[in-house]
Structure formats: structure tokens, C-alpha cells
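**Q** There's a structure below that I have some questions on.
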Amino acid sequence: MNDIQALTFLYHQFKNAQTQGLPSCFSLEKIQTLCQYLHHPQHHLKTVHIAGTNGKGSTAHALAAVLQTAGYKTGLFTSPHIHCFRERIRVNGIKMEKKFLANFITQHQHFLQKIQPSLFEISVMMAFAYFLEKKIDIAMVEVGMGGRLDATNILCPVLSVITNISKDHTAFLGNTLEKIAQEKAGIIKNKIPVIIGESIPNTKTVFQRIAKKKNAPLFFAEKYYAVSSLDNQQWKLLHKETKNIYTVTLEATGYYQKKNLPAIFLAIDLLKKKNYTITHQHILEGLKNMNTLTKLKGRWIILQKNPMIIADIAHNVAGIHMVMQQINKIPHQKLHIVWGMVQEKSTDIIFQKLPREALYYFCMPNIPRAMPLNILSAHAEKYQYQKQTYATVAQALHAAKTKAHTQDLVLITGSTFVVSEALQSFFI
């Protein structure tokens with residue numbers, strides 16, 4: 001096979017939760033079978049394992065950028081991808097080689113067909129095999145969903161990070177923050193340090209209980225760092241114990257980065273204690289150039305000015321809240337929102353968080369999971385939103401660009417798939 005044939009094989013032969021929907025139940029059985037078949041490549045890798053409802057991707061990219069700047073050959077596994085499957089697996093910011101993808105699938109296709117893992121499970125094992133072949137020094141590995149039964153949870157990392165807990169995927173992870181925290185805390189390993197980026201009393205007790213049971217050193221990031229914003233990209237961090245103050249510039253803009261920074265800095269502190277040589281200059285340069293170094297996409301991308309057009313993924317209540325906080329800081333007249341969702345999201349709760357005064361351009365990304373327009377319209381009418389509906393993301397974006405005046409603001413948001421298709425159509 002070549003790489004195109006390999007991808008065609010993957011997408012047609014195996015369950016793809018990204019486009020077809022999540023399975024009814026989860027198990028580590030197939031990923032463990034894959035591990036055994038490939039002689040456990042994960043046992044030969046040093047990793048940082050990152051879970052959380054929001055911010056885990058940005059945190060993974062930030063840490064990868066810093067370690068890469070410090071001279072370490074750094075792997076990065078994230079999902080879902082925006083444009084290309086190989087984006088999920090990177091070494092020093094460069095996506096997995098086409099040749100490796102083609103050879104991996106050609107070599108293992110019969111075994112894969114026999115055990116029928118999901119596309120995500122295959123991508124996890126492909127990442128570990130690729131990182132091993134490339135002889136990386138360390139990899140940042142982002143959890144797909146949850147933690148306890150996520151395919152990445154076969155790792156024994158040098159450090160675990162749980163960014164935050166809010167309600168998302170409640171049908172699979174539970175409908176309370178405590179239940180969701182328990183699922184995310186499934187990545188906590190025996191005697192392996194774990195950082196909690198943000199917590200509330202209810203989730204804090206869950207983490208304390210599980211960390212104690214696993215004898216894992218537990219660190220709450222807010223105990224060590226306080227963050228204040230200087231502007232959209234500059235942040236000031238105070239180390240609460242040493243009283244040192246750090247001013248950092250993040251290439252990844254977005255108000256929600258404020259929530260990520262304490263965990264990022266604390267993770268760097270703990271990695272330094274594990275003999276990783278990371279200087280203050282490495283941190284400043286890595287964060288300042290993280291998008292360029294790691295090719296982070298889909299996070300607060302300013303596509304155009306006059307009118308301002310911004311793309312940012314926000315597919316749950318917490319994400320929407322943070323994006324709207326930042327939108328409210330940008331002077332504009334009318335707000336136009338290009339919006340689409342996938343079916344398993346908590347539609348009613350999400351719509352309650354969307355601004356009433358905006359003009360909405362509802363659309364369906366080109367995947368089976370896309371929420372139908374009639375359901376989106378019904379919710380919009382319930383909350384008396386101004387809306388129009390479009391069969392495709394490209395049509396919705398074109399309409400928003402056409403109707404927006406110079407002083408207006410166009411926000412492309414919601415599902416990852418909406419942002420992905422919008423980015424592709426924007427530059428055509």
C-alpha cells in the first residue's frame with residue numbers, strides 16, 4: 001500500500017468515533033492485544049500523559065514546544081486531527097511520515113482485520129511504534145476521552161497531568177463532576193506524580209482519594225502558581241512559594257490559556273526534578289513559538305480583519321464560556337456565529353450559554369455524527385435566536401462573510417469538524 005491506500009483502508013475497515021460516533025462501551029482489551037502483538041512499544045518510551053475536559057491539547061503542545069526548544073527529540077500524540085490523519089503523530093513538530101503509515105498498515109493489515117480495533121486504538125499503537133522507531137527522548141500523549149478506559153491508558157508515564165474537569169461526554173463519563181473526575185483520574189498510576197491543573201472541592205476529594213490509593217504524589221497547580229493577564233498573548237505568573245514572577249508570551253492566543261499555564265509551569269518544574277535540563281530561556285522561547293514548533297491548529301485563529309473573522313473550537317459548555325469571555329473583550333458591532341455540533345452533545349445546556357444577540361449560521365459538517373439542522377433550529381427557536389441554516393460549513397461561512405460589515409465580528413466555532421472544514425474552505 002501507499003499512504004493514500006493505507007488511509008482508505010483505515011477509514012473503511014475500522015470504527016471511526018471521530019466521524020461515526022462513540023462506541024456503546026469501552027474496554028482496554030483490544031489495545032492490550034495490540035500492545036502484546038507489537039511487543040509493547042509503550043514500555044520503551046518516556047511520556048507525559050495528559051487528560052482533562054478542556055486544555056489538554058494546548059497543554060500537550062506547550063510542553064512539547066518547551067522540551068523541543070530545550071533540545072529533546074519530542075513526540076506529540078493528539079486527537080482529533082484538523083486536516084490530515086498524520087497530524088495526530090508528530091516528532092519535533094513534523095507529522096508522521098507517509099512511508100511509515102503505508103508500511104505499518106501494509107505489515108499489520110491482516111492482524112488488524114482479525115481483531116477489529118477502532119481507528120483511535122490503531123492510531124495510539126501507530127504513535128508508540130513511530131516514536132520508538134524515531135528514538136524520541138520523551139513524548140506528550142493526549143488522552144482521547146476520559147482516561148480510565150482510554151486507549152492511551154496503557155502507558156506508565158514519567159508524569160501525569162489532568163487539566164480540568166467540566167461536563168462533556170456525560171453519556172460515557174457520568175453526569176456529575178465527581179463521576180467525570182473519577183474517569184479522568186483513571187490515568188493516575190502507582191507512585192507516578194500527577195498534576196491537577198484546576199479543581200473544585202468536589203473533584204479535589206476524588207483526586208486525593210485515588211492518588212492516595214495509588215501512592216502517587218499529588219500536586220494542585222493553583223497551590224504553586226497564580227496567573228494574571230497582561231493582554232491576549234502576554235501573561236504574568238507568580239510562583240507562590242519562591243515569589244518569583246515570570247512574564248511569558250504565548251503564540252497560542254486565547255483567554256483559556258490562563259487556565260493551562262499553572263499546570264504547564266508546574267509540569268516543567270517536575271520534569272526538571274527528573275533531570276530534564278530546561279532553562280528559563282527554553283520556556284520563554286518554547287511558549288512564544290509553540291504554534292510554529294508544534295503546528296497547533298484550531299485554537300483562536302484570526303483569519304481576517306475588517307471584518308474580524310476568528311476560528312476556535314468550543315464543543316462543550318466550559319469551552320463556549322471561555323471563548324465568549326474573550327469575544328466580549330473585542331470591540332465589534334454585530335456578532336455572527338458559524339455553528340455546528342455533533343449529535344451526542346448536551347444541546348440544551350450548550351444553547352443556554354450562547355449569546356442571544358448574535359446572528360447564527362447553522363450548518364452540518366460532512367460527517368454522519370453531525371447534528372441535523374432541524375434539531376439546531378428547534379433549539380434556536382426555543383431561545384429566540386436569530387438564525388439561518390445552511391447545508392454545508394462552506395455555505396454558512398460564505399453567508400457570514402457576505403453579510404458581515406467592516407466593524408462586525410465573525411466567529412467560527414462549535415465542533416472540531418466545523419472549524420476544520422471552515423479552515424479548508426476559507427483558503428480555497
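Quick note on naming: the chains in the C-alpha cells go A, B, ... in the order shown, residues restart at 1 in each chain, and ligands are numbered from 1 in order of appearance.
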With DSSP run on the backbone, what are the helix (DSSP H, G or I) residues within segment 150-196 of chain A? I'd like them as a PyMOL selection string.

**A** chain A and resi 151-154+170-173+177-187

**Q** Return the single residue from A:Leu409, A:Ile162, A:Leu359, A:Ala65 that is closest to Pro307 of chain A, with distances computed using only C-alpha atoms.

**A**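 The closest residue to Pro307 of chain A is A:Leu409.
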
**Q** Tell me, as a ChimeraX atom specification, which residues lie within 12 Å of segment 241-250 of chain A, counting only C-alpha atoms; anything in the same chain fewer than 4 positions away does not count.

**A** /A:58-59,61-62,65-66,222-237,254-258,260-262,264-265,280-292

**Q** As an exercise, work out the distance from atom CA of Asn374 of chain A to atom CA of Ala311 of chain A in Å and give it to one decimal place.

**A** 24.0 Å

**Q** Excluding segment 67-84 of chain A and its own-chain neighbours fewer than 2 positions away, which residues fall within 7 Å of it when counting only C-alpha atoms? Please give them as a PDB file with C-alpha atoms, in the first residue's frame.

**A**
ATOM      1  CA  GLN A  18     -14.424  10.885  15.153  1.00  0.00           C
ATOM      2  CA  GLY A  57      -4.300  19.564  23.635  1.00  0.00           C
ATOM      3  CA  LEU A  63       5.097  21.181  26.880  1.00  0.00           C
ATOM      4  CA  ALA A  64       6.252  19.663  23.582  1.00  0.00           C
ATOM      5  CA  ALA A  65       7.380  23.099  22.369  1.00  0.00           C
ATOM      6  CA  ARG A  86      -0.790  12.144  10.212  1.00  0.00           C
ATOM      7  CA  GLU A  87      -1.151  15.386  12.258  1.00  0.00           C
ATOM      8  CA  ARG A  88      -2.021  13.207  15.259  1.00  0.00           C
ATOM      9  CA  ILE A  89       1.518  11.846  15.454  1.00  0.00           C
ATOM     10  CA  ARG A  90       4.453  14.255  15.362  1.00  0.00           C
ATOM     11  CA  VAL A  91       8.136  14.291  16.217  1.00  0.00           C
ATOM     12  CA  ASN A  92       9.623  17.753  16.762  1.00  0.00           C
ATOM     13  CA  ALA A 127       2.125   6.538  17.524  1.00  0.00           C
ATOM     14  CA  PHE A 131       8.046   7.176  18.496  1.00  0.00           C
ATOM     15  CA  ILE A 136      12.465  10.056  20.794  1.00  0.00           C
ATOM     16  CA  ASP A 137      13.598  11.320  24.202  1.00  0.00           C
ATOM     17  CA  ILE A 138      10.078  11.971  25.503  1.00  0.00           C
ATOM     18  CA  ALA A 139       6.504  12.216  24.176  1.00  0.00           C
ATOM     19  CA  MET A 140       3.438  14.201  25.170  1.00  0.00           C
ATOM     20  CA  VAL A 141       0.405  11.907  24.906  1.00  0.00           C
ATOM     21  CA  GLU A 142      -3.093  13.393  24.999  1.00  0.00           C
ATOM     22  CA  GLY A 144      -8.772  10.803  23.652  1.00  0.00           C
ATOM     23  CA  ILE A 278      15.116  23.082  30.858  1.00  0.00           C
ATOM     24  CA  HIS A 282      13.847  27.451  26.852  1.00  0.00           C
ATOM     25  CA  GLY A 286       9.138  27.460  23.500  1.00  0.00           C
ATOM     26  CA  SER A 420     -11.669  22.070  10.150  1.00  0.00           C
TER      27      SER A 420
END

**Q** Between A:Thr152, A:Asn164, A:Gln32, A:Asn103, which has the minimum distance to Ile4 of chain A (counting only C-alpha atoms)?

**A** A:Asn103

**Q** Near Ile122 of chain A, counting only C-alpha atoms, which residues have an atom at most 10 Å away, once you skip same-chain residues fewer than 3 positions from it, shown as a ChimeraX atom specification?

**A** /A:10,14,30-31,34,105,112,116-119,125-127,151

**Q** Go ahead and write the selection's residues with C-alpha atoms as a PDB file, in the first residue's frame.

**A**
ATOM      1  CA  LEU A  10      -8.245   2.533   7.823  1.00  0.00           C
ATOM      2  CA  PHE A  14     -12.458   0.253  11.223  1.00  0.00           C
ATOM      3  CA  LYS A  30      -8.108  -4.639  22.174  1.00  0.00           C
ATOM      4  CA  ILE A  31      -5.403  -2.072  22.856  1.00  0.00           C
ATOM      5  CA  LEU A  34      -2.300  -4.738  20.035  1.00  0.00           C
ATOM      6  CA  ILE A 105      -0.691  -0.718   7.650  1.00  0.00           C
ATOM      7  CA  LEU A 112      -5.900  -5.528  12.390  1.00  0.00           C
ATOM      8  CA  GLN A 116     -11.050  -5.109  14.580  1.00  0.00           C
ATOM      9  CA  PRO A 117      -9.769  -2.340  16.867  1.00  0.00           C
ATOM     10  CA  SER A 118     -11.093   1.192  16.496  1.00  0.00           C
ATOM     11  CA  LEU A 119      -9.299   3.778  14.381  1.00  0.00           C
ATOM     12  CA  MET A 125      -0.325   1.968  18.711  1.00  0.00           C
ATOM     13  CA  MET A 126       0.962   3.540  15.488  1.00  0.00           C
ATOM     14  CA  ALA A 127       2.125   6.538  17.524  1.00  0.00           C
ATOM     15  CA  ALA A 151      -6.643   3.506  24.739  1.00  0.00           C
TER      16      ALA A 151
END

**Q** If we count only C-alpha atoms, what is near Val418 of chain A at a cut-off of 7 Å, once residues fewer than 3 positions away on the same chain are taken out, given as a compact mmCIF listing (two decimals) with N, CA and C atoms, in the first residue's frame?

**A**
# COMPACT_ATOMS: atom_id res chain seq x y z
N GLY A 340 -21.95 24.58 14.29
CA GLY A 340 -22.43 23.22 14.06
C GLY A 340 -21.96 22.33 15.19
N PRO A 365 -21.34 19.80 9.53
CA PRO A 365 -20.09 19.28 8.96
C PRO A 365 -20.36 17.97 8.23
N VAL A 393 -20.78 23.70 5.78
CA VAL A 393 -19.99 24.69 6.51
C VAL A 393 -19.53 25.79 5.56
N THR A 413 -17.13 28.41 15.21
CA THR A 413 -16.89 27.64 16.43
C THR A 413 -17.85 26.45 16.51
N GLY A 414 -17.80 25.78 17.66
CA GLY A 414 -18.56 24.56 17.86
C GLY A 414 -17.65 23.37 17.67
N SER A 415 -18.10 22.42 16.87
CA SER A 415 -17.37 21.17 16.66
C SER A 415 -16.02 21.38 15.99
N GLU A 421 -13.45 22.20 8.49
CA GLU A 421 -13.98 22.46 7.15
C GLU A 421 -13.95 23.95 6.81
N ALA A 422 -14.17 24.79 7.82
CA ALA A 422 -14.13 26.23 7.59
C ALA A 422 -12.72 26.67 7.19

**Q** Take atom CA of Thr294 of chain A and atom CA of Leu7 of chain A and report the distance between them in Å, one decimal.

**A** 22.7 Å

**Q** DSSP on the backbone: which residues in segment 62-237 of chain A end up as strand (DSSP E)? Give the answer as number ranges by chain.

**A** A: 74-77, 89-91, 94-95, 138-142, 159-162, 194-196, 218-220, 225-229, 234-237

**Q** Show me, as a list of chain:residue names, the residues that have an atom within 8 Å of Ala129 of chain A when counting only C-alpha atoms, minus same-chain residues fewer than 3 positions from it.

**A**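 With the cut-off at 8 Å, the set is A:Leu38, A:Pro41, A:Gln42, A:Met125, A:Met126, A:Leu132, A:Glu133.
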
**Q** Keeping only N, CA and C atoms, write the selected residues as a PDB file, in the first residue's frame.

**A**
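See part.pdb below for the written result:
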ATOM      1  N   LEU A  38       2.628  -6.105  19.197  1.00  0.00           N
ATOM      2  CA  LEU A  38       3.749  -5.260  18.774  1.00  0.00           C
ATOM      3  C   LEU A  38       4.890  -5.228  19.798  1.00  0.00           C
ATOM      4  N   PRO A  41       5.594  -1.558  22.654  1.00  0.00           N
ATOM      5  CA  PRO A  41       6.471  -0.409  22.399  1.00  0.00           C
ATOM      6  C   PRO A  41       6.358   0.667  23.480  1.00  0.00           C
ATOM      7  N   GLN A  42       5.187   0.769  24.114  1.00  0.00           N
ATOM      8  CA  GLN A  42       4.982   1.810  25.135  1.00  0.00           C
ATOM      9  C   GLN A  42       5.897   1.635  26.338  1.00  0.00           C
ATOM     10  N   MET A 125      -1.427   2.915  18.865  1.00  0.00           N
ATOM     11  CA  MET A 125      -0.325   1.968  18.711  1.00  0.00           C
ATOM     12  C   MET A 125       0.642   2.412  17.607  1.00  0.00           C
ATOM     13  N   MET A 126       0.112   3.015  16.551  1.00  0.00           N
ATOM     14  CA  MET A 126       0.962   3.540  15.488  1.00  0.00           C
ATOM     15  C   MET A 126       1.882   4.629  16.050  1.00  0.00           C
ATOM     16  N   LEU A 132       8.987   4.993  18.904  1.00  0.00           N
ATOM     17  CA  LEU A 132      10.077   4.052  19.193  1.00  0.00           C
ATOM     18  C   LEU A 132      11.060   4.002  18.020  1.00  0.00           C
ATOM     19  N   GLU A 133      10.533   3.964  16.814  1.00  0.00           N
ATOM     20  CA  GLU A 133      11.405   3.929  15.644  1.00  0.00           C
ATOM     21  C   GLU A 133      12.247   5.198  15.537  1.00  0.00           C
TER      22      GLU A 133
END

**Q** Which of these residues is nearest to Gln107 of chain A, using only C-alpha atoms: A:Asn2, A:Thr279, A:Thr205, A:Gln333?

**A**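 With only C-alpha atoms as the atom set, the closest residue is A:Asn2.
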
**Q** In Å, how far is it from atom CA of Leu159 of chain A to atom CA of Ile210 of chain A?

**A**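 Straight-line distance from atom CA of Leu159 of chain A to atom CA of Ile210 of chain A works out to 15.5 Å.
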
**Q** Using only C-alpha atoms, which of A:His336, A:Leu354, A:Gln424, A:Leu155 sits nearest Ala394 of chain A?

**A** A:Gln424
